[in-house]
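Here's start.cif, which has mmCIF, C-alpha atoms:
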data_work
#
loop_
_atom_site.group_PDB
_atom_site.id
_atom_site.type_symbol
_atom_site.label_atom_id
_atom_site.label_comp_id
_atom_site.auth_asym_id
_atom_site.auth_seq_id
_atom_site.Cartn_x
_atom_site.Cartn_y
_atom_site.Cartn_z
ATOM 1 C CA MET A 261 74.671 132.386 94.227
ATOM 2 C CA THR A 262 77.257 133.078 91.535
ATOM 3 C CA ASN A 263 78.462 129.764 90.238
ATOM 4 C CA ASN A 264 81.134 130.280 87.691
ATOM 5 C CA SER A 265 83.606 128.176 85.814
ATOM 6 C CA ARG A 266 87.242 129.021 85.749
ATOM 7 C CA LYS A 267 90.361 127.556 84.298
ATOM 8 C CA VAL A 268 93.474 127.774 86.381
ATOM 9 C CA VAL A 269 96.987 126.498 85.920
ATOM 10 C CA VAL A 270 98.821 125.345 89.016
ATOM 11 C CA HIS A 271 102.609 125.457 88.810
ATOM 12 C CA VAL A 272 104.407 123.235 91.286
ATOM 13 C CA ARG A 273 108.130 123.520 91.852
ATOM 14 C CA LEU A 274 110.717 122.618 94.436
ATOM 15 C CA LYS A 275 111.305 125.188 97.134
ATOM 16 C CA PRO A 276 114.439 127.309 96.795
ATOM 17 C CA GLY A 277 117.381 125.450 98.279
ATOM 18 C CA VAL A 278 115.958 121.972 97.689
ATOM 19 C CA LEU A 279 118.293 120.024 95.426
ATOM 20 C CA ASP A 280 116.768 119.389 92.011
ATOM 21 C CA PRO A 281 118.661 116.494 90.387
ATOM 22 C CA GLN A 282 116.510 116.670 87.232
ATOM 23 C CA GLY A 283 117.159 120.372 86.801
ATOM 24 C CA ILE A 284 120.886 119.863 87.277
ATOM 25 C CA THR A 285 120.973 117.032 84.739
ATOM 26 C CA ILE A 286 119.004 119.045 82.173
ATOM 27 C CA HIS A 287 121.317 122.000 82.739
ATOM 28 C CA LYS A 288 124.372 119.803 82.168
ATOM 29 C CA ALA A 289 122.830 118.509 78.944
ATOM 30 C CA LEU A 290 122.233 122.066 77.727
ATOM 31 C CA LEU A 291 125.847 122.978 78.477
ATOM 32 C CA ASN A 292 127.001 119.885 76.563
ATOM 33 C CA MET A 293 124.846 121.017 73.640
ATOM 34 C CA GLY A 294 126.704 124.299 73.624
ATOM 35 C CA TYR A 295 124.155 126.524 75.314
ATOM 36 C CA HIS A 296 126.623 128.118 77.671
ATOM 37 C CA ASP A 297 124.376 131.126 78.258
ATOM 38 C CA VAL A 298 121.938 129.016 80.284
ATOM 39 C CA GLU A 299 123.026 129.567 83.837
ATOM 40 C CA SER A 300 120.658 127.280 85.697
ATOM 41 C CA VAL A 301 117.582 125.086 85.317
ATOM 42 C CA ARG A 302 114.919 124.263 87.880
ATOM 43 C CA SER A 303 112.338 121.650 86.927
ATOM 44 C CA GLY A 304 108.702 121.579 87.927
ATOM 45 C CA ARG A 305 105.302 120.592 86.648
ATOM 46 C CA PHE A 306 101.964 122.141 85.983
ATOM 47 C CA PHE A 307 98.316 121.117 86.172
ATOM 48 C CA GLU A 308 95.351 122.600 84.317
ATOM 49 C CA LEU A 309 92.191 122.603 86.366
ATOM 50 C CA GLU A 310 88.648 123.463 85.337
ATOM 51 C CA ILE A 311 86.670 124.405 88.397
ATOM 52 C CA ARG A 312 83.022 125.233 88.776
ATOM 53 C CA SER A 313 82.144 126.631 92.153
ATOM 54 C CA GLU A 314 80.877 129.711 93.884
ATOM 55 C CA ALA A 315 83.237 132.567 93.202
ATOM 56 C CA SER A 316 83.704 133.305 96.862
ATOM 57 C CA ALA A 317 84.693 129.700 97.652
ATOM 58 C CA MET A 318 87.099 129.405 94.740
ATOM 59 C CA PRO A 319 90.344 130.700 96.302
ATOM 60 C CA GLN A 320 90.079 128.420 99.298
ATOM 61 C CA LEU A 321 89.168 125.425 97.168
ATOM 62 C CA ILE A 322 92.171 125.911 94.904
ATOM 63 C CA ASN A 323 94.446 126.390 97.882
ATOM 64 C CA GLU A 324 93.198 123.172 99.480
ATOM 65 C CA VAL A 325 93.627 121.154 96.303
ATOM 66 C CA CYS A 326 97.203 122.389 96.025
ATOM 67 C CA THR A 327 98.288 121.858 99.612
ATOM 68 C CA LYS A 328 96.534 118.518 100.080
ATOM 69 C CA LEU A 329 97.428 116.822 96.829
ATOM 70 C CA LEU A 330 99.097 118.654 93.959
ATOM 71 C CA ALA A 331 102.117 119.849 95.934
ATOM 72 C CA ASN A 332 104.008 118.329 98.825
ATOM 73 C CA PRO A 333 104.311 121.329 101.143
ATOM 74 C CA VAL A 334 107.439 119.883 102.762
ATOM 75 C CA ILE A 335 109.530 120.386 99.642
ATOM 76 C CA GLU A 336 107.379 122.156 97.041
ATOM 77 C CA ASP A 337 105.844 125.580 96.423
ATOM 78 C CA PHE A 338 102.958 126.265 94.101
ATOM 79 C CA ALA A 339 101.739 129.246 92.132
ATOM 80 C CA ILE A 340 98.278 129.700 90.677
ATOM 81 C CA GLU A 341 97.690 131.291 87.304
ATOM 82 C CA GLU A 342 94.211 132.078 86.081
ATOM 83 C CA ILE A 343 93.718 131.610 82.362
ATOM 84 C CA ALA A 344 89.955 131.998 81.881
ATOM 85 C CA MET B 244 99.956 89.386 117.981
ATOM 86 C CA LYS B 245 98.854 89.871 114.419
ATOM 87 C CA PHE B 246 100.517 91.526 111.424
ATOM 88 C CA GLY B 247 98.562 93.132 108.608
ATOM 89 C CA VAL B 248 100.197 93.711 105.223
ATOM 90 C CA VAL B 249 98.480 96.331 103.074
ATOM 91 C CA THR B 250 98.010 95.716 99.360
ATOM 92 C CA PHE B 251 97.556 98.760 97.122
ATOM 93 C CA PRO B 252 97.082 98.534 93.378
ATOM 94 C CA GLY B 253 100.745 98.479 92.346
ATOM 95 C CA SER B 254 102.198 97.021 95.540
ATOM 96 C CA ASN B 255 104.792 94.407 94.623
ATOM 97 C CA CYS B 256 106.450 93.540 97.940
ATOM 98 C CA ASP B 257 103.288 92.596 99.812
ATOM 99 C CA TYR B 258 103.921 88.871 99.297
ATOM 100 C CA ASP B 259 107.592 89.280 100.245
ATOM 101 C CA ALA B 260 106.517 90.908 103.502
ATOM 102 C CA TYR B 261 103.830 88.281 104.063
ATOM 103 C CA SER B 262 106.286 85.466 103.454
ATOM 104 C CA ALA B 263 108.965 86.934 105.746
ATOM 105 C CA LEU B 264 106.483 87.445 108.571
ATOM 106 C CA ARG B 265 104.525 84.212 108.104
ATOM 107 C CA HIS B 266 107.002 81.624 106.862
ATOM 108 C CA VAL B 267 110.259 82.862 108.360
ATOM 109 C CA LEU B 268 109.172 84.647 111.514
ATOM 110 C CA GLY B 269 106.224 82.288 112.066
ATOM 111 C CA GLY B 270 103.824 85.134 112.756
ATOM 112 C CA ASN B 271 100.101 85.494 112.281
ATOM 113 C CA VAL B 272 99.643 87.603 109.144
ATOM 114 C CA VAL B 273 96.714 88.834 107.088
ATOM 115 C CA PHE B 274 96.491 90.983 103.970
ATOM 116 C CA LEU B 275 94.640 94.285 104.183
ATOM 117 C CA TRP B 276 93.112 95.481 100.909
ATOM 118 C CA HIS B 277 93.505 99.171 100.069
ATOM 119 C CA LYS B 278 89.750 99.662 100.163
ATOM 120 C CA SER B 279 89.443 98.117 103.599
ATOM 121 C CA GLU B 280 87.709 100.325 106.141
ATOM 122 C CA ASP B 281 89.230 98.483 109.099
ATOM 123 C CA LEU B 282 92.532 96.931 110.087
ATOM 124 C CA ALA B 283 91.179 93.500 111.141
ATOM 125 C CA ASP B 284 92.442 93.949 114.716
ATOM 126 C CA CYS B 285 96.073 93.852 113.630
ATOM 127 C CA ASP B 286 98.749 94.891 116.127
ATOM 128 C CA VAL B 287 101.292 95.799 113.469
ATOM 129 C CA VAL B 288 100.522 97.237 110.048
ATOM 130 C CA VAL B 289 103.081 96.954 107.241
ATOM 131 C CA LEU B 290 102.895 99.266 104.224
ATOM 132 C CA PRO B 291 104.971 97.357 101.672
ATOM 133 C CA GLY B 292 107.116 98.356 98.735
ATOM 134 C CA GLY B 293 105.972 98.781 95.186
ATOM 135 C CA PHE B 294 104.465 101.502 93.044
ATOM 136 C CA SER B 295 101.083 102.203 94.594
ATOM 137 C CA TYR B 296 98.732 103.807 92.058
ATOM 138 C CA GLY B 297 101.560 103.781 89.529
ATOM 139 C CA ASP B 298 103.525 106.375 91.526
ATOM 140 C CA TYR B 299 101.361 108.962 89.757
ATOM 141 C CA LEU B 300 101.839 112.580 90.853
ATOM 142 C CA ARG B 301 104.457 111.680 93.486
ATOM 143 C CA ALA B 302 105.321 108.303 95.004
ATOM 144 C CA GLY B 303 102.791 107.632 97.758
ATOM 145 C CA ALA B 304 100.742 110.762 97.076
ATOM 146 C CA ILE B 305 97.596 108.969 95.909
ATOM 147 C CA ALA B 306 97.810 105.998 98.293
ATOM 148 C CA ARG B 307 97.711 108.468 101.123
ATOM 149 C CA PHE B 308 94.026 109.096 100.444
ATOM 150 C CA SER B 309 92.962 105.441 100.198
ATOM 151 C CA PRO B 310 90.423 104.122 102.729
ATOM 152 C CA VAL B 311 92.921 101.814 104.412
ATOM 153 C CA VAL B 312 95.462 104.604 104.936
ATOM 154 C CA LYS B 313 92.809 106.687 106.677
ATOM 155 C CA GLN B 314 92.548 103.807 109.145
ATOM 156 C CA VAL B 315 96.333 103.500 109.374
ATOM 157 C CA ILE B 316 96.609 107.208 110.237
ATOM 158 C CA HIS B 317 94.041 106.803 112.990
ATOM 159 C CA PHE B 318 95.773 103.626 114.245
ATOM 160 C CA ALA B 319 99.198 105.311 114.257
ATOM 161 C CA ARG B 320 97.905 108.399 116.042
ATOM 162 C CA SER B 321 96.569 106.178 118.811
ATOM 163 C CA GLY B 322 99.960 104.493 119.253
ATOM 164 C CA GLY B 323 99.627 101.539 116.862
ATOM 165 C CA THR B 324 102.782 100.029 115.393
ATOM 166 C CA VAL B 325 103.297 100.838 111.706
ATOM 167 C CA ILE B 326 106.186 99.900 109.400
ATOM 168 C CA GLY B 327 106.521 101.499 105.980
ATOM 169 C CA ILE B 328 109.048 99.922 103.655
ATOM 170 C CA CYS B 329 110.183 101.686 100.477
ATOM 171 C CA ASN B 330 106.910 102.839 98.865
ATOM 172 C CA GLY B 331 105.365 102.412 102.321
ATOM 173 C CA PHE B 332 107.867 104.953 103.665
ATOM 174 C CA GLN B 333 106.883 107.328 100.862
ATOM 175 C CA VAL B 334 103.212 106.932 101.804
ATOM 176 C CA LEU B 335 104.000 107.668 105.469
ATOM 177 C CA THR B 336 105.864 110.896 104.661
ATOM 178 C CA GLU B 337 103.133 111.975 102.233
ATOM 179 C CA CYS B 338 100.437 111.549 104.868
ATOM 180 C CA GLY B 339 102.478 113.358 107.482
ATOM 181 C CA LEU B 340 102.942 110.442 109.887
ATOM 182 C CA LEU B 341 106.692 110.722 109.317
ATOM 183 C CA PRO B 342 108.778 113.857 108.831
ATOM 184 C CA GLY B 343 110.563 114.803 105.620
ATOM 185 C CA ALA B 344 110.093 113.794 102.013
ATOM 186 C CA LEU B 345 111.548 111.276 99.550
ATOM 187 C CA MET B 346 112.806 112.745 96.312
ATOM 188 C CA ARG B 347 114.304 111.419 93.081
ATOM 189 C CA ASN B 348 117.611 109.662 93.662
ATOM 190 C CA SER B 349 120.377 112.184 93.162
ATOM 191 C CA GLN B 350 121.870 110.145 90.283
ATOM 192 C CA LEU B 351 118.377 109.911 88.695
ATOM 193 C CA ARG B 352 118.635 106.133 88.397
ATOM 194 C CA PHE B 353 116.613 103.342 89.927
ATOM 195 C CA SER B 354 118.989 101.608 92.299
ATOM 196 C CA CYS B 355 118.619 97.904 93.086
ATOM 197 C CA ARG B 356 121.400 96.352 95.174
ATOM 198 C CA TYR B 357 122.577 95.455 98.635
ATOM 199 C CA VAL B 358 123.584 98.295 100.934
ATOM 200 C CA TYR B 359 124.808 98.454 104.503
ATOM 201 C CA LEU B 360 122.888 100.159 107.252
ATOM 202 C CA ARG B 361 124.217 101.402 110.545
ATOM 203 C CA VAL B 362 121.812 101.026 113.455
ATOM 204 C CA GLU B 363 121.718 104.459 115.086
ATOM 205 C CA THR B 364 119.446 103.606 118.010
ATOM 206 C CA ASN B 365 118.175 100.438 119.608
ATOM 207 C CA ALA B 366 115.723 102.288 121.829
ATOM 208 C CA THR B 367 112.873 101.566 119.434
ATOM 209 C CA ARG B 368 110.430 98.710 119.089
ATOM 210 C CA PHE B 369 111.954 98.079 115.655
ATOM 211 C CA THR B 370 115.591 97.733 116.706
ATOM 212 C CA ASN B 371 115.604 96.420 120.267
ATOM 213 C CA ALA B 372 117.256 93.188 119.053
ATOM 214 C CA CYS B 373 120.177 95.213 117.625
ATOM 215 C CA SER B 374 123.058 97.080 119.213
ATOM 216 C CA VAL B 375 123.872 100.655 118.330
ATOM 217 C CA GLY B 376 126.496 100.546 115.587
ATOM 218 C CA ASP B 377 125.399 97.165 114.213
ATOM 219 C CA VAL B 378 125.855 96.973 110.467
ATOM 220 C CA LEU B 379 122.990 95.328 108.609
ATOM 221 C CA LYS B 380 123.173 94.130 105.011
ATOM 222 C CA VAL B 381 119.825 94.831 103.384
ATOM 223 C CA PRO B 382 118.850 95.453 99.749
ATOM 224 C CA ILE B 383 117.407 98.637 98.305
ATOM 225 C CA ALA B 384 115.250 98.887 95.170
ATOM 226 C CA HIS B 385 114.017 102.398 94.488
ATOM 227 C CA GLY B 386 114.182 105.434 92.245
ATOM 228 C CA GLU B 387 112.864 107.916 94.771
ATOM 229 C CA GLY B 388 114.577 107.260 98.065
ATOM 230 C CA ASN B 389 116.495 110.478 98.450
ATOM 231 C CA TYR B 390 115.527 111.547 101.965
ATOM 232 C CA TYR B 391 115.130 115.284 102.329
ATOM 233 C CA HIS B 392 114.456 117.547 105.231
ATOM 234 C CA PHE B 393 115.645 121.011 106.193
ATOM 235 C CA ASP B 394 118.715 121.513 108.403
ATOM 236 C CA ASP B 395 116.912 122.482 111.594
ATOM 237 C CA GLU B 396 114.398 119.655 111.174
ATOM 238 C CA LEU B 397 117.199 117.152 110.587
ATOM 239 C CA SER B 398 118.967 118.306 113.749
ATOM 240 C CA ARG B 399 115.748 117.922 115.648
ATOM 241 C CA LEU B 400 115.312 114.350 114.364
ATOM 242 C CA GLU B 401 118.870 113.488 115.322
ATOM 243 C CA GLU B 402 118.491 115.077 118.738
ATOM 244 C CA HIS B 403 115.415 113.001 119.488
ATOM 245 C CA GLY B 404 116.917 109.744 118.275
ATOM 246 C CA GLN B 405 114.508 109.520 115.360
ATOM 247 C CA VAL B 406 117.111 108.571 112.779
ATOM 248 C CA VAL B 407 117.119 104.781 113.090
ATOM 249 C CA PHE B 408 119.265 103.707 110.117
ATOM 250 C CA ARG B 409 121.960 105.403 108.045
ATOM 251 C CA TYR B 410 123.629 104.164 104.875
ATOM 252 C CA CYS B 411 127.205 103.149 105.653
ATOM 253 C CA ASP B 412 130.017 101.035 104.279
ATOM 254 C CA ARG B 413 130.555 97.437 105.381
ATOM 255 C CA ASP B 414 132.629 98.637 108.331
ATOM 256 C CA GLY B 415 129.886 100.938 109.549
ATOM 257 C CA ARG B 416 131.427 104.195 108.347
ATOM 258 C CA VAL B 417 128.799 106.703 107.278
ATOM 259 C CA THR B 418 130.386 108.191 104.147
ATOM 260 C CA PRO B 419 129.155 109.979 101.015
ATOM 261 C CA GLU B 420 130.344 106.987 98.937
ATOM 262 C CA ALA B 421 128.079 104.666 100.941
ATOM 263 C CA ASN B 422 125.052 106.840 100.223
ATOM 264 C CA PRO B 423 123.145 105.229 97.329
ATOM 265 C CA ASN B 424 120.655 108.005 96.584
ATOM 266 C CA GLY B 425 121.762 111.355 97.945
ATOM 267 C CA SER B 426 119.766 111.163 101.183
ATOM 268 C CA ARG B 427 120.644 113.991 103.528
ATOM 269 C CA HIS B 428 122.924 112.844 106.359
ATOM 270 C CA ASN B 429 122.745 109.319 104.832
ATOM 271 C CA VAL B 430 119.313 108.831 106.406
ATOM 272 C CA ALA B 431 117.837 105.436 105.457
ATOM 273 C CA GLY B 432 115.096 105.102 108.066
ATOM 274 C CA VAL B 433 113.309 107.269 110.618
ATOM 275 C CA VAL B 434 110.698 106.921 113.339
ATOM 276 C CA ASN B 435 108.125 109.469 114.431
ATOM 277 C CA ARG B 436 108.607 111.361 117.659
ATOM 278 C CA GLU B 437 106.456 108.854 119.595
ATOM 279 C CA GLY B 438 108.483 105.957 118.196
ATOM 280 C CA ASN B 439 105.582 103.812 116.986
ATOM 281 C CA VAL B 440 105.899 104.489 113.247
ATOM 282 C CA LEU B 441 108.985 103.457 111.248
ATOM 283 C CA GLY B 442 109.747 104.248 107.631
ATOM 284 C CA MET B 443 112.758 102.932 105.736
ATOM 285 C CA MET B 444 113.767 102.713 102.085
ATOM 286 C CA PRO B 445 115.743 99.417 102.310
ATOM 287 C CA HIS B 446 113.853 96.111 102.277
ATOM 288 C CA PRO B 447 114.336 94.082 105.476
ATOM 289 C CA GLU B 448 111.721 91.583 104.249
ATOM 290 C CA ARG B 449 114.073 90.649 101.414
ATOM 291 C CA ALA B 450 116.915 89.840 103.811
ATOM 292 C CA VAL B 451 115.438 87.105 105.966
ATOM 293 C CA GLU B 452 116.948 83.874 104.621
ATOM 294 C CA LYS B 453 120.491 82.801 103.803
ATOM 295 C CA ILE B 454 119.523 81.954 100.252
ATOM 296 C CA LEU B 455 118.528 85.592 99.738
ATOM 297 C CA GLY B 456 122.042 86.746 100.626
ATOM 298 C CA SER B 457 121.400 88.085 104.115
ATOM 299 C CA VAL B 458 119.347 87.388 107.207
ATOM 300 C CA ASP B 459 119.951 90.791 108.771
ATOM 301 C CA GLY B 460 116.453 92.078 108.029
ATOM 302 C CA LEU B 461 115.064 89.509 110.413
ATOM 303 C CA LYS B 462 116.471 91.490 113.342
ATOM 304 C CA LEU B 463 113.900 94.173 112.705
ATOM 305 C CA PHE B 464 110.948 91.800 112.701
ATOM 306 C CA LYS B 465 112.294 89.944 115.743
ATOM 307 C CA SER B 466 112.529 93.259 117.559
ATOM 308 C CA VAL B 467 108.862 93.931 116.871
ATOM 309 C CA GLN B 468 107.987 90.424 117.999
ATOM 310 C CA ALA B 469 109.973 90.905 121.216
ATOM 311 C CA PHE B 470 108.278 94.228 121.825
ATOM 312 C CA PHE B 471 104.903 92.533 121.836
ATOM 313 C CA ALA B 472 106.116 89.515 123.807
ATOM 314 C CA VAL B 473 107.427 91.615 126.699
ATOM 315 C CA PRO B 474 105.659 94.923 126.301
ATOM 316 C CA ALA B 475 107.075 96.531 129.416
ATOM 317 C CA ALA B 476 110.668 95.525 128.836
ATOM 318 C CA VAL B 477 111.872 96.544 125.410
ATOM 319 C CA GLY B 478 111.923 99.661 123.340
ATOM 320 C CA ARG B 479 109.108 101.372 125.150
ATOM 321 C CA SER B 480 110.029 104.801 126.387
#
Could you render the structure as structure tokens?
Amino acid sequence: MTNNSRKVVVHVRLKPGVLDPQGITIHKALLNMGYHDVESVRSGRFFELEIRSEASAMPQLINEVCTKLLANPVIEDFAIEEIA
Amino acid sequence: MKFGVVTFPGSNCDYDAYSALRHVLGGNVVFLWHKSEDLADCDVVVLPGGFSYGDYLRAGAIARFSPVVKQVIHFARSGGTVIGICNGFQVLTECGLLPGALMRNSQLRFSCRYVYLRVETNATRFTNACSVGDVLKVPIAHGEGNYYHFDDELSRLEEHGQVVFRYCDRDGRVTPEANPNGSRHNVAGVVNREGNVLGMMPHPERAVEKILGSVDGLKLFKSVQAFFAVPAAVGRS
């Protein structure tokens, strides 16, 4: 049994095509501040998770955590980034 | 028949719902605590408005995994009558009992005021006391009531008569100006395909006495009452 500890970052963002009022508002603010080179903004959030489990079970566990709770699969996508 | 009103940590419309059902409608009502493992033999379960679990993560996302909601999911899947109002609607979409999702209001502001709703179907147990096209004056109070679903899913909902209420003006016209939060197709309330679960952002329980400014919300609760009084006759398809 190879129990190991890993740190992952889960990025959650709205699916392409889903209106993002926060992103739009932030973009407008940037334009008002004079940053005309910024063409668009999409907002999202991220979660840092420390997980200790069998290496073979890890991918499925992370996937479950994301689809069941961290993201709402109706409107959001997620991406997993391993940092340690 | 018996109503059960769920109380989550952070619910703030549970007493409003209780009062509307008990004192105005004259119904038999009990509270159901979020940790409850059973629904006390209730015929109708109401998930009230508020900010369950502080709205952490996403509105309704944490409440979805509470013990009582597990029971509500089981109850709904076996045909039980469930009404989710405001935060209750958010919980019902999060747990998959209702289609779609509720996002931040398009203007990014919490919106608390009266709106008008057009009744899109009276072939439900929640609207059998209404006529199609009735305009109801009911208040909203939410920051995340922007109903979202994809085009093909929306068409499917409309095809199956699952859109129950749309935001409209006082004359019943469904216009962009009458839409308080950016909801797609002005959707304010939907039922599941089977028709036993309703979710809506506006608060019918706050429109049940003249002194509150409207009694139109009562029509919804009277419909449910009628459904149970004459089970074969109304709103059962």
Give me, as number ranges by chain, the residues of chain B touching chain A, with the criterion being at most 12 Å (counting all atoms listed in the file). B: 299-308, 333-334, 336-339, 341-352, 387, 389-394, 396, 424-427
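The smallest atom-to-atom distance between Ala339 in chain A and any of A:Leu291, A:Cys326, A:Val301, A:Ala315, using only C-alpha atoms, is found for A:Cys326.
Between CA of Gly269 in chain B and CA of Pro382 in chain B there is a distance of 22.0 Å.
The space separating CA of Asn323 in chain A from CA of Lys267 in chain A comes to 14.2 Å.
Note that the spacing between CA of Val378 in chain B and CA of Gly460 in chain B amounts to 10.9 Å.
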Test item: the PyMOL selection byres ((chain A and resi 340) around 6) resolved as a PyMOL selection string: chain A and resi 269-270+339+341
Distance query Arg449 in chain B at most 12 Å, only C-alpha atoms, self and fewer than 2 positions along chain excluded, as a ChimeraX atom specification: /B:256-264,267,291-292,328-329,355-357,380-384,445-447,451-461,463-464
Please identify all polymer residues within 10 Å of Arg413 in chain B, counting all atoms listed in the file, omitting same-chain residues fewer than 4 positions from it, and present them as a count of residues only. 9
Could you tell me which residues the PyMOL selection byres ((chain B and resi 248-252) around 7) returns for this structure, as number ranges by chain? B: 246-247, 253-254, 257, 261, 273-277, 288-291, 295-296
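Residues selected in this file by the PyMOL selection byres ((chain B and resi 435) around 9) comprise Leu340, Leu341, Pro342, Leu400, Gln405, Val433, Val434, Arg436, Glu437, Gly438, Asn439, Val440, Leu441 and Gly442 of chain B.
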Selection near His428 in chain B, 9 Å with only C-alpha atoms, sequence-local residues under 4 positions removed, as a ChimeraX atom specification: /B:390,397,409-410,417,419,422
Serialized range 286-309 of chain A w/ N, CA and C atoms as a tab-separated table (two decimals), in the first residue's frame:
chain	number	residue	atom	x	y	z
A	286	ILE	N	-15.52	43.57	-13.42
A	286	ILE	CA	-14.08	43.78	-13.18
A	286	ILE	C	-13.42	44.32	-14.45
A	287	HIS	N	-13.84	43.75	-15.59
A	287	HIS	CA	-13.28	44.22	-16.86
A	287	HIS	C	-13.60	45.69	-17.08
A	288	LYS	N	-14.85	46.06	-16.81
A	288	LYS	CA	-15.26	47.47	-16.98
A	288	LYS	C	-14.42	48.37	-16.09
A	289	ALA	N	-14.18	47.91	-14.85
A	289	ALA	CA	-13.38	48.71	-13.92
A	289	ALA	C	-11.96	48.91	-14.46
A	290	LEU	N	-11.40	47.84	-15.02
A	290	LEU	CA	-10.04	47.93	-15.57
A	290	LEU	C	-10.00	48.93	-16.73
A	291	LEU	N	-11.04	48.88	-17.58
A	291	LEU	CA	-11.09	49.83	-18.69
A	291	LEU	C	-11.19	51.26	-18.16
A	292	ASN	N	-12.00	51.45	-17.12
A	292	ASN	CA	-12.13	52.79	-16.52
A	292	ASN	C	-10.81	53.26	-15.92
A	293	MET	N	-10.00	52.31	-15.47
A	293	MET	CA	-8.70	52.66	-14.89
A	293	MET	C	-7.66	52.93	-15.97
A	294	GLY	N	-8.05	52.71	-17.21
A	294	GLY	CA	-7.13	53.02	-18.30
A	294	GLY	C	-6.42	51.83	-18.90
A	295	TYR	N	-6.73	50.65	-18.41
A	295	TYR	CA	-6.07	49.45	-18.94
A	295	TYR	C	-6.80	48.92	-20.17
A	296	HIS	N	-6.65	49.65	-21.25
A	296	HIS	CA	-7.44	49.32	-22.44
A	296	HIS	C	-6.93	48.07	-23.15
A	297	ASP	N	-5.74	47.61	-22.75
A	297	ASP	CA	-5.20	46.40	-23.39
A	297	ASP	C	-5.84	45.12	-22.86
A	298	VAL	N	-6.55	45.22	-21.74
A	298	VAL	CA	-7.21	44.03	-21.20
A	298	VAL	C	-8.50	43.80	-21.99
A	299	GLU	N	-8.53	42.69	-22.68
A	299	GLU	CA	-9.66	42.48	-23.59
A	299	GLU	C	-10.84	41.76	-22.94
A	300	SER	N	-10.58	40.94	-21.95
A	300	SER	CA	-11.70	40.31	-21.25
A	300	SER	C	-11.25	39.76	-19.91
A	301	VAL	N	-12.20	39.55	-19.02
A	301	VAL	CA	-11.90	38.97	-17.71
A	301	VAL	C	-12.94	37.89	-17.42
A	302	ARG	N	-12.48	36.75	-16.98
A	302	ARG	CA	-13.39	35.71	-16.48
A	302	ARG	C	-12.99	35.45	-15.03
A	303	SER	N	-13.95	35.45	-14.13
A	303	SER	CA	-13.62	35.21	-12.72
A	303	SER	C	-13.74	33.73	-12.39
A	304	GLY	N	-13.15	33.36	-11.28
A	304	GLY	CA	-13.23	31.97	-10.84
A	304	GLY	C	-12.74	31.91	-9.41
A	305	ARG	N	-12.48	30.70	-8.93
A	305	ARG	CA	-11.92	30.58	-7.59
A	305	ARG	C	-11.07	29.32	-7.52
A	306	PHE	N	-10.22	29.28	-6.50
A	306	PHE	CA	-9.42	28.08	-6.39
A	306	PHE	C	-9.40	27.56	-4.96
A	307	PHE	N	-9.12	26.28	-4.81
A	307	PHE	CA	-9.08	25.62	-3.52
A	307	PHE	C	-7.77	24.85	-3.42
A	308	GLU	N	-7.10	24.95	-2.27
A	308	GLU	CA	-5.90	24.14	-2.04
A	308	GLU	C	-6.29	22.95	-1.18
A	309	LEU	N	-5.99	21.78	-1.64
A	309	LEU	CA	-6.34	20.58	-0.89
A	309	LEU	C	-5.08	19.79	-0.55
